[in-house]
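Trainee: Take a look at this one; I'll ask things after.
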Amino acid sequence: MENRQPDVDPAVVATADDIAAMRTRGAATIADAAAKALATQAERAETTQPAAFERQLRAAAETLYETRPTAVSLPNALRYVLRGMDGETVTELRATTIARAEEFRAELAQAQQRLGEVGSNRLRDGDVVMTHCHSTDALSCLEAALEDGKEIEAIVKETRPRKQGHITAQQLREWGVPVTLIVDNAARRYLDEADHVLVGADSIAADGSVINKIGTSGLAVNARERGVPVMVAAQTLKLHPDTMTGHTVEIEMRDETEVLADDQRADITGERDDDGLIVENPAFDVTPPRHVDAIVTERGQFPPESIVTLMRELFGETTGEPWEP
Ligand SMILES: O=C(COP(=O)(O)O)[C@H](O)[C@H](O)COP(=O)(O)O
């Protein structure tokens, strides 16, 4: 990523690059990395002027924010850290910002653990869980169930085009969970063997819609038809405050080469200079609340339609750009 903000520390630009290129990915992990990057910016900001310090922190937040548009955990993390930036001198501003970032990261880890315990209560000994993509919140539920001594098996969807299902399979095998890895197209067939669908979320809208990895909505529709409950594991950090005032969540469109490499495109188009072949690569989709049974958060589980009550309690009615004072 080009550093258009001259005062932004190279470490922050590197974090932003990692998020944009998906070397750092998944909503909670992105939020954690962003908070850490703001702490680094605070540590390294070279100025004795409080106003300049604040400007640098806001520029760093903007650089991080511009990486990927869908996971609201990113602006929520930036907003949380910047709201803790307080003091009359650079020394005070630095200390409060770093402390706030550390607090955010600790709370993130705690929330994930608490959420896992709640989600685990929905799982019974011997259950088979179908997963989509790789979600640390969803995995936390499985980890807690295993710690409770429950035997769990998993059917893991590959998750084209980036195959994050492999990361899920790797983690589950490390924990000793029997894993059946399937291509996405086989999900409906294998739903007959599943007791739960368990996914994470990048954002949750005020009406209870769940925005998660592309393919989640189709899976949820099929699960409903098959009578398999759909559980969404999402810390309250995934609640999207702007949706309370009618905004929609932007769905990231990624590069076509993730779907079709240049040589594969050439195989299709041959010698033609073919602009009639269009490849679309949306990274996320929207699952309507009627296809979701429960949203599991660190504050308990909620039917999707009631999530707005929690959002109002947590965010009030006002938001703005994360870097705005
Ligand atoms: O859709 C994805 C990741 O998409 P990508 O790979 O494109 O970032 C995950 O389900 C959510 O981010 C939740 O993850 P977590 O529970 O870890 O926050």
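As shown in the structure tokens, the chain order sets the letters A, B, ...; within each chain, residues go from 1, and ligands are also counted from 1 in the order they appear.
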Please, which residues have at least one atom within 8 Å of an atom of ligand 1, using only C-alpha atoms and all ligand atoms, listed as a PyMOL selection string?
Mentor: chain A and resi 22+24-30+71+73+132-139+162+164+199-202+211-214+233-235+238+283-284
Trainee: Using DSSP on the backbone coordinates, identify all residues within segment 11-232 of chain A classified as helix (DSSP H, G or I); present the result as a PyMOL selection string.
Mentor: chain A and resi 11-20+27-44+50-65+73-83+90-121+136-147+165-174+184-191+216-226
Trainee: Tell me which protein, DNA and RNA residues are within 9 Å of Asn121 of chain A, counting only C-alpha atoms, leaving out same-chain ones fewer than 6 positions away, and put them as a list in words.
Mentor: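 Counting only the stated atoms, we get Cys141, Ala144 and Ala145 of chain A.
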Trainee: Those same residues - N, CA and C atoms - I'd like them written as a compact mmCIF listing (two decimals), in the first residue's frame.
Mentor:
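Output contents, as saved in selection.txt:
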```txt
# COMPACT_ATOMS: atom_id res chain seq x y z
N CYS A 141 -16.01 -21.74 20.45
CA CYS A 141 -17.14 -22.56 20.94
C CYS A 141 -16.75 -24.04 20.94
N ALA A 144 -14.20 -24.78 23.72
CA ALA A 144 -14.83 -24.86 25.05
C ALA A 144 -15.59 -26.19 25.20
N ALA A 145 -16.24 -26.63 24.13
CA ALA A 145 -16.98 -27.90 24.20
C ALA A 145 -16.00 -29.06 24.43
```
Trainee: Please return as a list in words: the residues of segment 15-260 of chain A that backbone DSSP assigns to strand (DSSP E).
Mentor: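 In segment 15-260 of chain A, DSSP puts these residues in strand (DSSP E): Val128, Val129, Met130, Thr131, Glu153, Ala154, Ile155, Val156, Lys157, Val179, Thr180, Leu181, Ile182, His196, Val197, Leu198, Val199, Ser203, Ile204, Val210, Ile211, Asn212, Lys213, Val230, Met231, Val232 and Ala233 of chain A.
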Trainee: Could the residues in this selection be saved with N, CA and C atoms as a compact mmCIF listing (two decimals), in the first residue's frame?
Mentor:
```txt
# COMPACT_ATOMS: atom_id res chain seq x y z
N VAL A 128 -22.16 -33.35 15.55
CA VAL A 128 -21.38 -33.08 14.34
C VAL A 128 -21.69 -31.65 13.91
N VAL A 129 -20.64 -30.88 13.70
CA VAL A 129 -20.78 -29.46 13.39
C VAL A 129 -20.25 -29.19 11.99
N MET A 130 -21.04 -28.47 11.19
CA MET A 130 -20.52 -28.08 9.87
C MET A 130 -20.03 -26.63 9.94
N THR A 131 -18.82 -26.40 9.46
CA THR A 131 -18.24 -25.05 9.51
C THR A 131 -18.05 -24.49 8.10
N GLU A 153 -17.44 -33.87 16.26
CA GLU A 153 -16.87 -34.10 14.93
C GLU A 153 -17.20 -32.92 14.05
N ALA A 154 -16.40 -32.72 13.00
CA ALA A 154 -16.63 -31.54 12.15
C ALA A 154 -16.65 -31.91 10.68
N ILE A 155 -17.60 -31.28 9.98
CA ILE A 155 -17.60 -31.31 8.52
C ILE A 155 -17.18 -29.90 8.11
N VAL A 156 -16.04 -29.80 7.47
CA VAL A 156 -15.42 -28.50 7.21
C VAL A 156 -15.52 -28.17 5.73
N LYS A 157 -16.21 -27.07 5.44
CA LYS A 157 -16.30 -26.65 4.03
C LYS A 157 -15.00 -25.99 3.61
N VAL A 179 -12.20 -34.72 11.34
CA VAL A 179 -12.63 -33.72 10.35
C VAL A 179 -12.93 -34.40 9.03
N THR A 180 -14.09 -34.07 8.44
CA THR A 180 -14.36 -34.44 7.06
C THR A 180 -14.32 -33.15 6.25
N LEU A 181 -13.36 -33.04 5.35
CA LEU A 181 -13.24 -31.83 4.52
C LEU A 181 -14.03 -32.05 3.24
N ILE A 182 -14.88 -31.08 2.90
CA ILE A 182 -15.70 -31.23 1.68
C ILE A 182 -15.56 -29.97 0.82
N HIS A 196 -25.38 -29.18 13.69
CA HIS A 196 -25.34 -27.71 13.76
C HIS A 196 -24.55 -27.19 12.56
N VAL A 197 -24.93 -26.01 12.10
CA VAL A 197 -24.01 -25.22 11.28
C VAL A 197 -23.46 -24.15 12.22
N LEU A 198 -22.16 -23.99 12.21
CA LEU A 198 -21.51 -23.01 13.09
C LEU A 198 -20.60 -22.12 12.26
N VAL A 199 -20.91 -20.82 12.23
CA VAL A 199 -20.09 -19.87 11.46
C VAL A 199 -19.80 -18.64 12.32
N SER A 203 -19.75 -8.83 10.26
CA SER A 203 -20.61 -7.74 10.75
C SER A 203 -21.99 -8.31 11.01
N ILE A 204 -22.66 -7.72 11.98
CA ILE A 204 -24.06 -8.06 12.22
C ILE A 204 -24.86 -6.76 12.15
N VAL A 210 -26.70 -11.37 9.12
CA VAL A 210 -25.31 -11.75 9.41
C VAL A 210 -24.49 -11.62 8.13
N ILE A 211 -23.44 -10.83 8.21
CA ILE A 211 -22.55 -10.67 7.06
C ILE A 211 -21.32 -11.51 7.35
N ASN A 212 -21.10 -12.51 6.51
CA ASN A 212 -19.97 -13.41 6.72
C ASN A 212 -19.48 -13.90 5.36
N LYS A 213 -18.47 -14.74 5.38
CA LYS A 213 -17.82 -15.24 4.15
C LYS A 213 -18.84 -15.67 3.10
N VAL A 230 -28.70 -23.08 12.76
CA VAL A 230 -27.55 -22.26 12.37
C VAL A 230 -27.17 -21.36 13.53
N MET A 231 -25.94 -21.52 13.96
CA MET A 231 -25.44 -20.75 15.11
C MET A 231 -24.32 -19.83 14.60
N VAL A 232 -24.44 -18.56 14.95
CA VAL A 232 -23.42 -17.58 14.54
C VAL A 232 -22.66 -17.16 15.79
N ALA A 233 -21.37 -17.37 15.79
CA ALA A 233 -20.54 -16.99 16.92
C ALA A 233 -19.90 -15.64 16.62
```
Trainee: Measuring atom to atom with only C-alpha atoms, identify which of A:His166, A:Arg94, A:Arg55, A:Arg68 is nearest to Glu252 of chain A.
Mentor: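 When distances to Glu252 of chain A are compared using only C-alpha atoms, the smallest one comes from A:Arg68.
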Trainee: What is the atom CA of Ala33 of chain A-atom CA of Val296 of chain A distance in Å, reported with one decimal?
Mentor: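 Pair atom CA of Ala33 of chain A / atom CA of Val296 of chain A returns 23.1 Å.
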Trainee: Name the residues in contact with Ile278 of chain A at a cut-off of 12 Å, using only C-alpha atoms, excluding same-chain residues fewer than 5 positions from it; report them as a PyMOL selection string.
Mentor: chain A and resi 255-257+259-260+265+268-269
Trainee: I'd like the neighbourhood of Leu74 of chain A as a list in words, where a residue qualifies if any of its atoms comes within 7 Å (using only C-alpha atoms), though same-chain residues fewer than 3 positions away should be ignored.
Mentor: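 Near Leu74 of chain A, the qualifying residues are Ile30, Ala31, Ala34, Tyr65, Ala71, Ala77 and Leu78 of chain A.
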Trainee: Kindly export the residues of the current selection with C-alpha atoms, as a compact mmCIF listing (two decimals), in the first residue's frame.
Mentor:
```txt
# COMPACT_ATOMS: atom_id res chain seq x y z
CA ILE A 30 -7.84 -7.88 12.02
CA ALA A 31 -9.20 -5.87 14.97
CA ALA A 34 -5.22 -2.77 14.12
CA TYR A 65 -9.47 1.56 7.95
CA ALA A 71 -15.57 -6.45 8.92
CA ALA A 77 -11.39 -1.33 17.23
CA LEU A 78 -10.00 1.94 15.87
```
Trainee: From the options A:Ser140, A:Gln112, A:Asn185, A:Thr47, which residue's atoms come nearest to Thr168 of chain A, counting only C-alpha atoms?
Mentor: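 Using only C-alpha atoms, the shortest distance to Thr168 of chain A belongs to A:Ser140.
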Trainee: List the spatial neighbours of Met311 of chain A as a short mmCIF file (atom, residue, chain, number, x, y, z; two decimals) with N, CA and C atoms, in the first residue's frame - criterion: any atom at most 7 Å away, only C-alpha atoms, same-chain residues fewer than 3 positions off excluded.
Mentor:
```cif
data_model
loop_
_atom_site.label_atom_id
_atom_site.label_comp_id
_atom_site.auth_asym_id
_atom_site.auth_seq_id
_atom_site.Cartn_x
_atom_site.Cartn_y
_atom_site.Cartn_z
N LEU A 239 -20.91 -6.14 15.97
CA LEU A 239 -22.17 -5.43 15.76
C LEU A 239 -21.86 -4.12 15.02
N PRO A 241 -22.60 -0.56 14.17
CA PRO A 241 -23.43 0.54 14.69
C PRO A 241 -24.13 1.35 13.59
N ILE A 307 -31.13 -8.48 18.43
CA ILE A 307 -29.75 -8.01 18.60
C ILE A 307 -29.67 -6.48 18.65
N VAL A 308 -30.65 -5.81 18.05
CA VAL A 308 -30.64 -4.35 18.02
C VAL A 308 -30.71 -3.77 19.43
N LEU A 314 -24.96 -0.82 23.70
CA LEU A 314 -23.51 -0.71 23.59
C LEU A 314 -23.05 0.56 22.90
N PHE A 315 -23.78 0.98 21.88
CA PHE A 315 -23.29 2.08 21.05
C PHE A 315 -24.11 3.36 21.17
#
```
Trainee: Give me the residues within 9 Å of Ala99 of chain A as a PyMOL selection string, counting only C-alpha atoms and dropping any in the same chain fewer than 6 places off.
Mentor: chain A and resi 39+81+84
